[in-house]
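A.B. asks: Below you'll find coords-v6.tsv; it's TSV, N, CA, C and O atoms and all ligand atoms.
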chain	number	residue	atom	x	y	z
Z	233	MET	N	142.10	72.61	-29.84
Z	233	MET	CA	142.53	72.30	-28.48
Z	233	MET	C	141.34	71.73	-27.70
Z	233	MET	O	140.23	72.24	-27.78
Z	234	GLY	N	141.55	70.67	-26.95
Z	234	GLY	CA	140.47	70.08	-26.17
Z	234	GLY	C	140.19	70.85	-24.90
Z	234	GLY	O	140.95	71.74	-24.51
Z	235	THR	N	139.08	70.50	-24.29
Z	235	THR	CA	138.75	71.15	-23.02
Z	235	THR	C	139.01	70.18	-21.89
Z	235	THR	O	139.05	68.96	-22.09
Z	236	ARG	N	139.17	70.72	-20.71
Z	236	ARG	CA	139.46	69.89	-19.56
Z	236	ARG	C	138.58	70.35	-18.41
Z	236	ARG	O	138.46	71.54	-18.16
Z	237	ALA	N	137.94	69.42	-17.77
Z	237	ALA	CA	137.04	69.77	-16.66
Z	237	ALA	C	137.84	69.92	-15.37
Z	237	ALA	O	138.62	69.05	-15.01
Z	238	TYR	N	137.64	71.02	-14.69
Z	238	TYR	CA	138.24	71.22	-13.39
Z	238	TYR	C	137.15	71.24	-12.36
Z	238	TYR	O	136.09	71.81	-12.57
Z	239	LYS	N	137.42	70.61	-11.23
Z	239	LYS	CA	136.41	70.59	-10.18
Z	239	LYS	C	136.16	72.00	-9.64
Z	239	LYS	O	135.06	72.38	-9.34
Z	240	HIS	N	137.24	72.77	-9.51
Z	240	HIS	CA	137.11	74.11	-8.96
Z	240	HIS	C	137.52	75.12	-10.01
Z	240	HIS	O	138.56	74.96	-10.64
Z	241	LYS	N	136.71	76.16	-10.18
Z	241	LYS	CA	137.00	77.16	-11.20
Z	241	LYS	C	137.97	78.20	-10.65
Z	241	LYS	O	137.58	79.27	-10.22
Z	242	THR	N	139.22	77.85	-10.64
Z	242	THR	CA	140.23	78.80	-10.20
Z	242	THR	C	141.58	78.31	-10.69
Z	242	THR	O	141.77	77.12	-10.91
Z	243	SER	N	142.49	79.23	-10.88
Z	243	SER	CA	143.84	78.81	-11.17
Z	243	SER	C	144.53	78.61	-9.84
Z	243	SER	O	144.44	79.44	-8.95
Z	244	HIS	N	145.15	77.48	-9.65
Z	244	HIS	CA	145.78	77.21	-8.37
Z	244	HIS	C	146.98	76.33	-8.61
Z	244	HIS	O	146.91	75.39	-9.39
Z	245	SER	N	148.08	76.62	-7.94
Z	245	SER	CA	149.27	75.82	-8.11
Z	245	SER	C	149.64	75.20	-6.77
Z	245	SER	O	148.94	75.34	-5.79
Z	246	GLU	N	150.75	74.52	-6.74
Z	246	GLU	CA	151.21	73.88	-5.51
Z	246	GLU	C	152.28	74.74	-4.86
Z	246	GLU	O	153.10	75.34	-5.56
Z	247	PRO	N	152.34	74.77	-3.50
Z	247	PRO	CA	153.41	75.52	-2.86
Z	247	PRO	C	154.75	74.84	-3.08
Z	247	PRO	O	154.82	73.62	-3.19
Z	248	GLY	N	155.79	75.61	-3.15
Z	248	GLY	CA	157.12	75.04	-3.33
Z	248	GLY	C	158.14	76.14	-3.32
Z	248	GLY	O	157.79	77.32	-3.40
Z	249	PRO	N	159.41	75.80	-3.19
Z	249	PRO	CA	160.43	76.83	-3.12
Z	249	PRO	C	160.59	77.55	-4.45
Z	249	PRO	O	160.71	76.92	-5.49
Z	250	GLY	N	160.51	78.86	-4.41
Z	250	GLY	CA	160.75	79.67	-5.60
Z	250	GLY	C	162.03	80.44	-5.40
Z	250	GLY	O	162.93	79.97	-4.70
Z	251	ASP	N	162.10	81.63	-5.99
Z	251	ASP	CA	163.31	82.44	-5.83
Z	251	ASP	C	163.57	82.77	-4.36
Z	251	ASP	O	164.71	82.94	-3.95
Z	252	GLY	N	162.47	82.84	-3.58
Z	252	GLY	CA	162.61	83.19	-2.16
Z	252	GLY	C	162.86	81.99	-1.26
Z	252	GLY	O	162.96	82.14	-0.06
Z	253	GLY	N	162.96	80.78	-1.82
Z	253	GLY	CA	163.20	79.59	-1.02
Z	253	GLY	C	162.02	79.26	-0.13
Z	253	GLY	O	160.87	79.47	-0.50
Z	254	ARG	N	162.30	78.73	1.05
Z	254	ARG	CA	161.23	78.35	1.99
Z	254	ARG	C	160.79	79.60	2.74
Z	254	ARG	O	161.35	79.97	3.77
Z	255	THR	N	159.76	80.22	2.20
Z	255	THR	CA	159.39	81.57	2.64
Z	255	THR	C	158.75	81.63	4.03
Z	255	THR	O	158.51	82.71	4.54
Z	256	GLY	N	158.51	80.47	4.63
Z	256	GLY	CA	157.97	80.48	5.99
Z	256	GLY	C	158.90	81.18	6.97
Z	256	GLY	O	158.45	81.71	7.99
Z	257	SER	N	160.19	81.21	6.66
Z	257	SER	CA	161.15	81.85	7.58
Z	257	SER	C	161.00	83.37	7.59
Z	257	SER	O	161.57	84.05	8.44
Z	258	TRP	N	160.23	83.92	6.64
Z	258	TRP	CA	160.02	85.38	6.60
Z	258	TRP	C	158.98	85.81	7.63
Z	258	TRP	O	158.85	86.97	7.94
Z	259	ARG	N	158.23	84.84	8.12
Z	259	ARG	CA	157.02	85.16	8.88
Z	259	ARG	C	157.32	85.74	10.26
Z	259	ARG	O	158.16	85.22	10.98
Z	260	VAL	N	156.62	86.80	10.62
Z	260	VAL	CA	156.72	87.33	11.98
Z	260	VAL	C	155.43	87.05	12.76
Z	260	VAL	O	155.42	87.09	13.98
Z	261	GLU	N	154.34	86.77	12.02
Z	261	GLU	CA	153.09	86.38	12.66
Z	261	GLU	C	152.57	85.12	11.98
Z	261	GLU	O	152.71	84.96	10.77
Z	262	ARG	N	151.96	84.24	12.75
Z	262	ARG	CA	151.49	82.95	12.23
Z	262	ARG	C	149.95	82.91	12.24
Z	262	ARG	O	149.33	83.21	13.27
Z	263	PRO	N	149.34	82.51	11.12
Z	263	PRO	CA	147.89	82.38	11.13
Z	263	PRO	C	147.47	81.11	11.88
Z	263	PRO	O	148.01	80.03	11.64
Z	264	VAL	N	146.53	81.26	12.78
Z	264	VAL	CA	146.01	80.11	13.56
Z	264	VAL	C	144.51	80.05	13.33
Z	264	VAL	O	143.80	81.03	13.52
Z	265	ILE	N	144.05	78.86	12.92
Z	265	ILE	CA	142.62	78.69	12.62
Z	265	ILE	C	141.88	78.17	13.85
Z	265	ILE	O	142.26	77.15	14.43
Z	266	ASN	N	140.84	78.86	14.23
Z	266	ASN	CA	139.96	78.42	15.31
Z	266	ASN	C	138.85	77.58	14.68
Z	266	ASN	O	137.95	78.10	14.01
Z	267	THR	N	138.91	76.27	14.88
Z	267	THR	CA	137.94	75.38	14.22
Z	267	THR	C	136.53	75.53	14.78
Z	267	THR	O	135.57	75.05	14.19
Z	268	GLU	N	136.41	76.19	15.90
Z	268	GLU	CA	135.05	76.43	16.44
Z	268	GLU	C	134.35	77.55	15.67
Z	268	GLU	O	133.13	77.69	15.74
Z	269	LEU	N	135.13	78.35	14.96
Z	269	LEU	CA	134.54	79.44	14.17
Z	269	LEU	C	134.59	79.16	12.67
Z	269	LEU	O	133.88	79.78	11.89
Z	270	CYS	N	135.45	78.23	12.26
Z	270	CYS	CA	135.65	77.94	10.83
Z	270	CYS	C	134.43	77.20	10.25
Z	270	CYS	O	134.02	76.16	10.78
Z	271	ILE	N	133.87	77.73	9.18
Z	271	ILE	CA	132.61	77.23	8.63
Z	271	ILE	C	132.69	75.75	8.22
Z	271	ILE	O	131.87	74.95	8.67
Z	272	PRO	N	133.65	75.31	7.39
Z	272	PRO	CA	133.68	73.89	7.03
Z	272	PRO	C	133.94	72.97	8.22
Z	272	PRO	O	133.42	71.86	8.29
Z	273	ALA	N	134.72	73.44	9.17
Z	273	ALA	CA	134.98	72.62	10.36
Z	273	ALA	C	133.70	72.46	11.18
Z	273	ALA	O	133.40	71.38	11.69
Z	274	LYS	N	132.95	73.55	11.29
Z	274	LYS	CA	131.71	73.49	12.08
Z	274	LYS	C	130.65	72.64	11.39
Z	274	LYS	O	129.96	71.84	12.00
Z	275	ARG	N	130.53	72.84	10.06
Z	275	ARG	CA	129.47	72.12	9.32
Z	275	ARG	C	129.90	70.72	8.90
Z	275	ARG	O	129.08	69.94	8.40
Z	276	LYS	N	131.20	70.45	8.99
Z	276	LYS	CA	131.76	69.19	8.48
Z	276	LYS	C	131.33	68.98	7.02
Z	276	LYS	O	130.90	67.90	6.61
Z	277	ALA	N	131.46	70.06	6.26
Z	277	ALA	CA	131.08	70.03	4.84
Z	277	ALA	C	131.93	71.03	4.08
Z	277	ALA	O	132.45	71.99	4.66
Z	278	GLU	N	132.08	70.79	2.77
Z	278	GLU	CA	132.82	71.73	1.92
Z	278	GLU	C	132.05	73.03	1.86
Z	278	GLU	O	130.93	73.06	1.37
Z	279	ALA	N	132.64	74.08	2.35
Z	279	ALA	CA	131.99	75.38	2.34
Z	279	ALA	C	133.06	76.45	2.55
Z	279	ALA	O	134.13	76.16	3.07
Z	280	CYS	N	132.76	77.64	2.14
Z	280	CYS	CA	133.62	78.80	2.37
Z	280	CYS	C	134.97	78.66	1.63
Z	280	CYS	O	135.06	78.92	0.45
Z	281	PHE	N	136.01	78.26	2.34
Z	281	PHE	CA	137.36	78.12	1.78
Z	281	PHE	C	137.88	79.42	1.17
Z	281	PHE	O	138.69	79.41	0.23
Z	282	ILE	N	137.40	80.53	1.70
Z	282	ILE	CA	137.89	81.83	1.22
Z	282	ILE	C	139.39	81.98	1.52
Z	282	ILE	O	140.14	82.54	0.73
Z	283	CYS	N	139.83	81.43	2.64
Z	283	CYS	CA	141.26	81.49	2.97
Z	283	CYS	C	142.08	80.77	1.91
Z	283	CYS	O	143.13	81.24	1.49
Z	284	TRP	N	141.60	79.63	1.49
Z	284	TRP	CA	142.27	78.85	0.43
Z	284	TRP	C	142.31	79.66	-0.88
Z	284	TRP	O	143.32	79.70	-1.58
Z	285	LEU	N	141.20	80.30	-1.17
Z	285	LEU	CA	141.09	81.04	-2.43
Z	285	LEU	C	142.00	82.26	-2.47
Z	285	LEU	O	142.63	82.55	-3.48
Z	286	TYR	N	142.10	82.95	-1.35
Z	286	TYR	CA	142.83	84.23	-1.33
Z	286	TYR	C	144.32	84.10	-1.02
Z	286	TYR	O	145.07	85.02	-1.30
Z	287	CYS	N	144.74	83.00	-0.44
Z	287	CYS	CA	146.15	82.91	-0.03
Z	287	CYS	C	147.07	83.05	-1.24
Z	287	CYS	O	147.04	82.22	-2.15
Z	288	PRO	N	147.93	84.06	-1.27
Z	288	PRO	CA	148.80	84.26	-2.43
Z	288	PRO	C	149.91	83.22	-2.54
Z	288	PRO	O	150.51	83.06	-3.58
Z	289	ASP	N	150.16	82.49	-1.45
Z	289	ASP	CA	151.21	81.48	-1.47
Z	289	ASP	C	150.66	80.07	-1.64
Z	289	ASP	O	151.42	79.11	-1.56
Z	290	VAL	N	149.37	79.97	-1.87
Z	290	VAL	CA	148.67	78.68	-2.06
Z	290	VAL	C	149.08	77.64	-1.01
Z	290	VAL	O	149.31	76.49	-1.33
Z	291	VAL	N	149.12	78.07	0.23
Z	291	VAL	CA	149.54	77.14	1.29
Z	291	VAL	C	148.39	76.69	2.18
Z	291	VAL	O	148.62	75.95	3.14
Z	292	VAL	N	147.17	77.12	1.85
Z	292	VAL	CA	146.02	76.67	2.63
Z	292	VAL	C	145.36	75.52	1.87
Z	292	VAL	O	145.15	75.60	0.66
Z	293	THR	N	145.03	74.45	2.59
Z	293	THR	CA	144.39	73.31	1.93
Z	293	THR	C	142.88	73.49	1.89
Z	293	THR	O	142.29	74.12	2.77
Z	294	ARG	N	142.28	72.90	0.88
Z	294	ARG	CA	140.82	72.89	0.78
Z	294	ARG	C	140.32	71.61	1.43
Z	294	ARG	O	139.83	70.69	0.78
Z	295	THR	N	140.50	71.54	2.72
Z	295	THR	CA	140.15	70.34	3.48
Z	295	THR	C	139.31	70.75	4.68
Z	295	THR	O	139.15	71.93	4.98
Z	296	ILE	N	138.76	69.76	5.35
Z	296	ILE	CA	137.92	70.01	6.53
Z	296	ILE	C	138.65	69.47	7.76
Z	296	ILE	O	138.75	68.25	7.92
Z	297	PRO	N	139.18	70.31	8.62
Z	297	PRO	CA	139.28	71.75	8.47
Z	297	PRO	C	140.43	72.11	7.53
Z	297	PRO	O	141.29	71.26	7.25
Z	298	PRO	N	140.50	73.36	7.08
Z	298	PRO	CA	141.65	73.79	6.28
Z	298	PRO	C	142.92	73.72	7.13
Z	298	PRO	O	142.86	73.87	8.35
Z	299	THR	N	144.04	73.46	6.48
Z	299	THR	CA	145.33	73.50	7.19
Z	299	THR	C	146.25	74.46	6.44
Z	299	THR	O	146.03	74.76	5.26
Z	300	ILE	N	147.30	74.89	7.11
Z	300	ILE	CA	148.23	75.86	6.53
Z	300	ILE	C	149.63	75.29	6.55
Z	300	ILE	O	150.11	74.83	7.61
Z	301	ASP	N	150.29	75.28	5.41
Z	301	ASP	CA	151.67	74.79	5.31
Z	301	ASP	C	152.60	75.92	5.76
Z	301	ASP	O	152.87	76.87	5.02
Z	302	LEU	N	153.10	75.78	6.99
Z	302	LEU	CA	153.92	76.86	7.56
Z	302	LEU	C	155.32	76.91	6.96
Z	302	LEU	O	156.06	77.86	7.20
Z	303	THR	N	155.69	75.91	6.17
Z	303	THR	CA	157.00	75.97	5.52
Z	303	THR	C	157.06	77.13	4.53
Z	303	THR	O	158.10	77.73	4.30
Z	304	TYR	N	155.90	77.45	3.97
Z	304	TYR	CA	155.86	78.49	2.93
Z	304	TYR	C	154.99	79.69	3.27
Z	304	TYR	O	155.02	80.69	2.57
Z	305	CYS	N	154.15	79.58	4.30
Z	305	CYS	CA	153.29	80.72	4.68
Z	305	CYS	C	154.16	81.88	5.12
Z	305	CYS	O	154.96	81.77	6.04
Z	306	LYS	N	153.99	83.04	4.44
Z	306	LYS	CA	154.81	84.21	4.76
Z	306	LYS	C	154.20	85.06	5.87
Z	306	LYS	O	154.77	86.06	6.27
Z	307	GLY	N	153.00	84.70	6.30
Z	307	GLY	CA	152.38	85.46	7.38
Z	307	GLY	C	151.83	86.80	6.94
Z	307	GLY	O	151.78	87.74	7.74
Z	308	CYS	N	151.37	86.87	5.71
Z	308	CYS	CA	150.87	88.15	5.18
Z	308	CYS	C	149.57	88.60	5.84
Z	308	CYS	O	149.26	89.79	5.88
Z	309	GLY	N	148.79	87.65	6.34
Z	309	GLY	CA	147.56	88.00	7.05
Z	309	GLY	C	146.33	88.17	6.17
Z	309	GLY	O	145.26	88.50	6.68
Z	310	ILE	N	146.46	87.93	4.88
Z	310	ILE	CA	145.31	88.09	3.99
Z	310	ILE	C	144.19	87.12	4.38
Z	310	ILE	O	143.02	87.48	4.41
Z	311	CYS	N	144.56	85.89	4.70
Z	311	CYS	CA	143.54	84.90	5.09
Z	311	CYS	C	142.74	85.39	6.30
Z	311	CYS	O	141.51	85.29	6.33
Z	312	ALA	N	143.44	85.93	7.28
Z	312	ALA	CA	142.76	86.42	8.49
Z	312	ALA	C	141.87	87.61	8.16
Z	312	ALA	O	140.77	87.75	8.68
Z	313	GLU	N	142.34	88.45	7.26
Z	313	GLU	CA	141.57	89.64	6.86
Z	313	GLU	C	140.30	89.24	6.12
Z	313	GLU	O	139.25	89.84	6.30
Z	314	GLU	N	140.39	88.22	5.28
Z	314	GLU	CA	139.26	87.84	4.42
Z	314	GLU	C	138.30	86.85	5.07
Z	314	GLU	O	137.16	86.72	4.60
Z	315	CYS	N	138.71	86.16	6.09
Z	315	CYS	CA	137.84	85.15	6.71
Z	315	CYS	C	136.55	85.80	7.22
Z	315	CYS	O	136.60	86.72	8.04
Z	316	PRO	N	135.39	85.33	6.74
Z	316	PRO	CA	134.13	85.99	7.10
Z	316	PRO	C	133.72	85.80	8.56
Z	316	PRO	O	132.90	86.56	9.07
Z	317	THR	N	134.28	84.79	9.23
Z	317	THR	CA	133.89	84.56	10.63
Z	317	THR	C	135.01	84.92	11.61
Z	317	THR	O	134.89	84.63	12.81
Z	318	LYS	N	136.07	85.52	11.09
Z	318	LYS	CA	137.22	85.87	11.93
Z	318	LYS	C	137.76	84.63	12.66
Z	318	LYS	O	138.13	84.69	13.84
Z	319	ALA	N	137.80	83.51	11.94
Z	319	ALA	CA	138.29	82.26	12.52
Z	319	ALA	C	139.81	82.20	12.54
Z	319	ALA	O	140.38	81.33	13.19
Z	320	ILE	N	140.46	83.09	11.79
Z	320	ILE	CA	141.92	83.05	11.72
Z	320	ILE	C	142.50	84.25	12.48
Z	320	ILE	O	142.12	85.39	12.24
Z	321	THR	N	143.40	83.93	13.39
Z	321	THR	CA	144.06	84.98	14.17
Z	321	THR	C	145.55	84.96	13.83
Z	321	THR	O	146.15	83.88	13.73
Z	322	MET	N	146.13	86.13	13.65
Z	322	MET	CA	147.56	86.22	13.43
Z	322	MET	C	148.23	86.34	14.80
Z	322	MET	O	147.95	87.26	15.57
Z	323	VAL	N	149.10	85.38	15.09
Z	323	VAL	CA	149.73	85.30	16.42
Z	323	VAL	C	151.24	85.52	16.26
Z	323	VAL	O	151.87	84.95	15.35
Z	324	ASP	N	151.82	86.31	17.14
Z	324	ASP	CA	153.26	86.60	17.10
Z	324	ASP	C	154.06	85.29	17.13
Z	324	ASP	O	153.80	84.41	17.96
Z	325	GLU	N	155.02	85.15	16.22
Z	325	GLU	CA	155.83	83.93	16.15
Z	325	GLU	C	156.55	83.64	17.47
Z	325	GLU	O	156.82	82.48	17.79
Z	326	ALA	N	156.84	84.68	18.23
Z	326	ALA	CA	157.54	84.48	19.51
Z	326	ALA	C	156.75	83.57	20.44
Z	326	ALA	O	157.33	82.87	21.28
Z	327	GLU	N	155.43	83.55	20.26
Z	327	GLU	CA	154.57	82.70	21.10
Z	327	GLU	C	154.84	81.21	20.87
Z	327	GLU	O	154.49	80.38	21.69
Z	328	PHE	N	155.45	80.87	19.73
Z	328	PHE	CA	155.65	79.45	19.38
Z	328	PHE	C	157.10	79.01	19.56
Z	328	PHE	O	157.43	77.89	19.22
Z	329	GLN	N	157.96	79.89	20.06
Z	329	GLN	CA	159.39	79.57	20.13
Z	329	GLN	C	159.64	78.29	20.92
Z	329	GLN	O	160.44	77.46	20.52
Z	330	ASP	N	158.93	78.10	22.02
Z	330	ASP	CA	159.14	76.90	22.85
Z	330	ASP	C	158.78	75.63	22.10
Z	330	ASP	O	159.37	74.58	22.31
Z	331	ASP	N	157.80	75.73	21.15
Z	331	ASP	CA	157.36	74.55	20.40
Z	331	ASP	C	158.47	74.03	19.49
Z	331	ASP	O	158.48	72.86	19.12
Z	332	GLU	N	159.37	74.92	19.06
Z	332	GLU	CA	160.33	74.56	18.02
Z	332	GLU	C	161.73	74.36	18.54
Z	332	GLU	O	162.66	74.15	17.79
Z	333	ASP	N	161.93	74.47	19.88
Z	333	ASP	CA	163.26	74.26	20.44
Z	333	ASP	C	163.61	72.79	20.46
Z	333	ASP	O	162.78	71.93	20.49
M	1	LIG	S1	137.90	81.66	5.45
M	1	LIG	FE1	137.62	81.29	7.64
M	1	LIG	S2	135.64	80.24	7.85
M	1	LIG	FE2	136.27	80.12	5.70
M	1	LIG	S3	137.32	78.14	5.53
M	1	LIG	FE3	138.89	79.70	5.94
M	1	LIG	S4	139.14	79.72	8.18
M	1	LIG	FE4	137.23	78.65	7.72
M	2	LIG	S1	149.15	84.42	6.24
M	2	LIG	FE1	149.21	84.82	4.00
M	2	LIG	S2	150.59	83.24	3.22
M	2	LIG	FE2	149.96	82.56	5.25
M	2	LIG	S3	148.18	81.27	4.93
M	2	LIG	FE3	147.42	83.34	5.30
M	2	LIG	S4	147.18	84.25	3.28
M	2	LIG	FE4	148.50	82.44	3.04
Take the structure in the file and write it out as structure tokens.
C.D. replies:
Amino acid sequence: MGTRAYKHKTSHSEPGPGDGGRTGSWRVERPVINTELCIPAKRKAEACFICWLYCPDVVVTRTIPPTIDLTYCKGCGICAEECPTKAITMVDEAEFQDDED
């Protein structure tokens, strides 16, 4: 069997509907990234991405700044818990109701 070079040493898949469908509808709290505290956003360089690494739904992008696909984010809060600079805040979904009317 041949070998294949991966840029990042991690197993990672793409978000998509599984048995639970579009799991973003399960969310009661939404993760919001503060780019003033987020390391790659501040440095404008690839760094940290712990949120990307830990997200069980693989909905965080490894981009500057990271973004979150709310179609599938279940709002588990792991990203906020693991972020070393506390750049991610979990905000009650009710706060965004006006945005989606
Ligand atoms: S874990 Fe926090 S500081 Fe690191 S990339 Fe994610 S939001 Fe930014
Ligand atoms: S709240 Fe959970 S599912 Fe949503 S981005 Fe953070 S770690 Fe991923």
A.B. asks: Using all atoms listed in the file, which residues of the polymer chains come no farther than 8 Å from ligand LIG 1 (chain M)? I'd like the answer as a ChimeraX atom specification.
C.D. replies: /Z:264-267,269-274,277,279-285,293-295,297-298,310-321
A.B. asks: I need the chosen residues saved as a short mmCIF file (atom, residue, chain, number, x, y, z; two decimals), in the frame of the given file, with N, CA, C and O atoms.
C.D. replies:
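See out_31.cif below for the written result:
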data_model
loop_
_atom_site.label_atom_id
_atom_site.label_comp_id
_atom_site.auth_asym_id
_atom_site.auth_seq_id
_atom_site.Cartn_x
_atom_site.Cartn_y
_atom_site.Cartn_z
N VAL Z 264 146.53 81.26 12.78
CA VAL Z 264 146.01 80.11 13.56
C VAL Z 264 144.51 80.05 13.33
O VAL Z 264 143.80 81.03 13.52
N ILE Z 265 144.05 78.86 12.92
CA ILE Z 265 142.62 78.69 12.62
C ILE Z 265 141.88 78.17 13.85
O ILE Z 265 142.26 77.15 14.43
N ASN Z 266 140.84 78.86 14.23
CA ASN Z 266 139.96 78.42 15.31
C ASN Z 266 138.85 77.58 14.68
O ASN Z 266 137.95 78.10 14.01
N THR Z 267 138.91 76.27 14.88
CA THR Z 267 137.94 75.38 14.22
C THR Z 267 136.53 75.53 14.78
O THR Z 267 135.57 75.05 14.19
N LEU Z 269 135.13 78.35 14.96
CA LEU Z 269 134.54 79.44 14.17
C LEU Z 269 134.59 79.16 12.67
O LEU Z 269 133.88 79.78 11.89
N CYS Z 270 135.45 78.23 12.26
CA CYS Z 270 135.65 77.94 10.83
C CYS Z 270 134.43 77.20 10.25
O CYS Z 270 134.02 76.16 10.78
N ILE Z 271 133.87 77.73 9.18
CA ILE Z 271 132.61 77.23 8.63
C ILE Z 271 132.69 75.75 8.22
O ILE Z 271 131.87 74.95 8.67
N PRO Z 272 133.65 75.31 7.39
CA PRO Z 272 133.68 73.89 7.03
C PRO Z 272 133.94 72.97 8.22
O PRO Z 272 133.42 71.86 8.29
N ALA Z 273 134.72 73.44 9.17
CA ALA Z 273 134.98 72.62 10.36
C ALA Z 273 133.70 72.46 11.18
O ALA Z 273 133.40 71.38 11.69
N LYS Z 274 132.95 73.55 11.29
CA LYS Z 274 131.71 73.49 12.08
C LYS Z 274 130.65 72.64 11.39
O LYS Z 274 129.96 71.84 12.00
N ALA Z 277 131.46 70.06 6.26
CA ALA Z 277 131.08 70.03 4.84
C ALA Z 277 131.93 71.03 4.08
O ALA Z 277 132.45 71.99 4.66
N ALA Z 279 132.64 74.08 2.35
CA ALA Z 279 131.99 75.38 2.34
C ALA Z 279 133.06 76.45 2.55
O ALA Z 279 134.13 76.16 3.07
N CYS Z 280 132.76 77.64 2.14
CA CYS Z 280 133.62 78.80 2.37
C CYS Z 280 134.97 78.66 1.63
O CYS Z 280 135.06 78.92 0.45
N PHE Z 281 136.01 78.26 2.34
CA PHE Z 281 137.36 78.12 1.78
C PHE Z 281 137.88 79.42 1.17
O PHE Z 281 138.69 79.41 0.23
N ILE Z 282 137.40 80.53 1.70
CA ILE Z 282 137.89 81.83 1.22
C ILE Z 282 139.39 81.98 1.52
O ILE Z 282 140.14 82.54 0.73
N CYS Z 283 139.83 81.43 2.64
CA CYS Z 283 141.26 81.49 2.97
C CYS Z 283 142.08 80.77 1.91
O CYS Z 283 143.13 81.24 1.49
N TRP Z 284 141.60 79.63 1.49
CA TRP Z 284 142.27 78.85 0.43
C TRP Z 284 142.31 79.66 -0.88
O TRP Z 284 143.32 79.70 -1.58
N LEU Z 285 141.20 80.30 -1.17
CA LEU Z 285 141.09 81.04 -2.43
C LEU Z 285 142.00 82.26 -2.47
O LEU Z 285 142.63 82.55 -3.48
N THR Z 293 145.03 74.45 2.59
CA THR Z 293 144.39 73.31 1.93
C THR Z 293 142.88 73.49 1.89
O THR Z 293 142.29 74.12 2.77
N ARG Z 294 142.28 72.90 0.88
CA ARG Z 294 140.82 72.89 0.78
C ARG Z 294 140.32 71.61 1.43
O ARG Z 294 139.83 70.69 0.78
N THR Z 295 140.50 71.54 2.72
CA THR Z 295 140.15 70.34 3.48
C THR Z 295 139.31 70.75 4.68
O THR Z 295 139.15 71.93 4.98
N PRO Z 297 139.18 70.31 8.62
CA PRO Z 297 139.28 71.75 8.47
C PRO Z 297 140.43 72.11 7.53
O PRO Z 297 141.29 71.26 7.25
N PRO Z 298 140.50 73.36 7.08
CA PRO Z 298 141.65 73.79 6.28
C PRO Z 298 142.92 73.72 7.13
O PRO Z 298 142.86 73.87 8.35
N ILE Z 310 146.46 87.93 4.88
CA ILE Z 310 145.31 88.09 3.99
C ILE Z 310 144.19 87.12 4.38
O ILE Z 310 143.02 87.48 4.41
N CYS Z 311 144.56 85.89 4.70
CA CYS Z 311 143.54 84.90 5.09
C CYS Z 311 142.74 85.39 6.30
O CYS Z 311 141.51 85.29 6.33
N ALA Z 312 143.44 85.93 7.28
CA ALA Z 312 142.76 86.42 8.49
C ALA Z 312 141.87 87.61 8.16
O ALA Z 312 140.77 87.75 8.68
N GLU Z 313 142.34 88.45 7.26
CA GLU Z 313 141.57 89.64 6.86
C GLU Z 313 140.30 89.24 6.12
O GLU Z 313 139.25 89.84 6.30
N GLU Z 314 140.39 88.22 5.28
CA GLU Z 314 139.26 87.84 4.42
C GLU Z 314 138.30 86.85 5.07
O GLU Z 314 137.16 86.72 4.60
N CYS Z 315 138.71 86.16 6.09
CA CYS Z 315 137.84 85.15 6.71
C CYS Z 315 136.55 85.80 7.22
O CYS Z 315 136.60 86.72 8.04
N PRO Z 316 135.39 85.33 6.74
CA PRO Z 316 134.13 85.99 7.10
C PRO Z 316 133.72 85.80 8.56
O PRO Z 316 132.90 86.56 9.07
N THR Z 317 134.28 84.79 9.23
CA THR Z 317 133.89 84.56 10.63
C THR Z 317 135.01 84.92 11.61
O THR Z 317 134.89 84.63 12.81
N LYS Z 318 136.07 85.52 11.09
CA LYS Z 318 137.22 85.87 11.93
C LYS Z 318 137.76 84.63 12.66
O LYS Z 318 138.13 84.69 13.84
N ALA Z 319 137.80 83.51 11.94
CA ALA Z 319 138.29 82.26 12.52
C ALA Z 319 139.81 82.20 12.54
O ALA Z 319 140.38 81.33 13.19
N ILE Z 320 140.46 83.09 11.79
CA ILE Z 320 141.92 83.05 11.72
C ILE Z 320 142.50 84.25 12.48
O ILE Z 320 142.12 85.39 12.24
N THR Z 321 143.40 83.93 13.39
CA THR Z 321 144.06 84.98 14.17
C THR Z 321 145.55 84.96 13.83
O THR Z 321 146.15 83.88 13.73
#
A.B. asks: Find the residues near Val323 of chain Z: any atom within 7 Å, counting all atoms listed in the file, skip ones fewer than 6 places away on the same chain, and give them as a JSON list (two decimals) with N, CA, C and O atoms, keeping the file's coordinate frame.
C.D. replies:
[["chain", "number", "residue", "atom", "x", "y", "z"],
["Z", 260, "VAL", "N", 156.62, 86.80, 10.62],
["Z", 260, "VAL", "CA", 156.72, 87.33, 11.98],
["Z", 260, "VAL", "C", 155.43, 87.05, 12.76],
["Z", 260, "VAL", "O", 155.42, 87.09, 13.98],
["Z", 261, "GLU", "N", 154.34, 86.77, 12.02],
["Z", 261, "GLU", "CA", 153.09, 86.38, 12.66],
["Z", 261, "GLU", "C", 152.57, 85.12, 11.98],
["Z", 261, "GLU", "O", 152.71, 84.96, 10.77],
["Z", 262, "ARG", "N", 151.96, 84.24, 12.75],
["Z", 262, "ARG", "CA", 151.49, 82.95, 12.23],
["Z", 262, "ARG", "C", 149.95, 82.91, 12.24],
["Z", 262, "ARG", "O", 149.33, 83.21, 13.27],
["Z", 263, "PRO", "N", 149.34, 82.51, 11.12],
["Z", 263, "PRO", "CA", 147.89, 82.38, 11.13],
["Z", 263, "PRO", "C", 147.47, 81.11, 11.88],
["Z", 263, "PRO", "O", 148.01, 80.03, 11.64],
["Z", 264, "VAL", "N", 146.53, 81.26, 12.78],
["Z", 264, "VAL", "CA", 146.01, 80.11, 13.56],
["Z", 264, "VAL", "C", 144.51, 80.05, 13.33],
["Z", 264, "VAL", "O", 143.80, 81.03, 13.52]]
A.B. asks: Just how far from atom CA of Lys306 of chain Z is atom CA of Asp331 of chain Z, in Å to one decimal?
C.D. replies: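 Distance reported for this atom pair: 18.6 Å.
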A.B. asks: Just checking: using only N, CA, C and O atoms, which residue out of Z:Arg259, Z:Arg254, Z:Glu278, Z:Asp289 ends up closest to Asp324 of chain Z?
C.D. replies: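 Of all the options, Z:Arg259 lies closest to Asp324 of chain Z.
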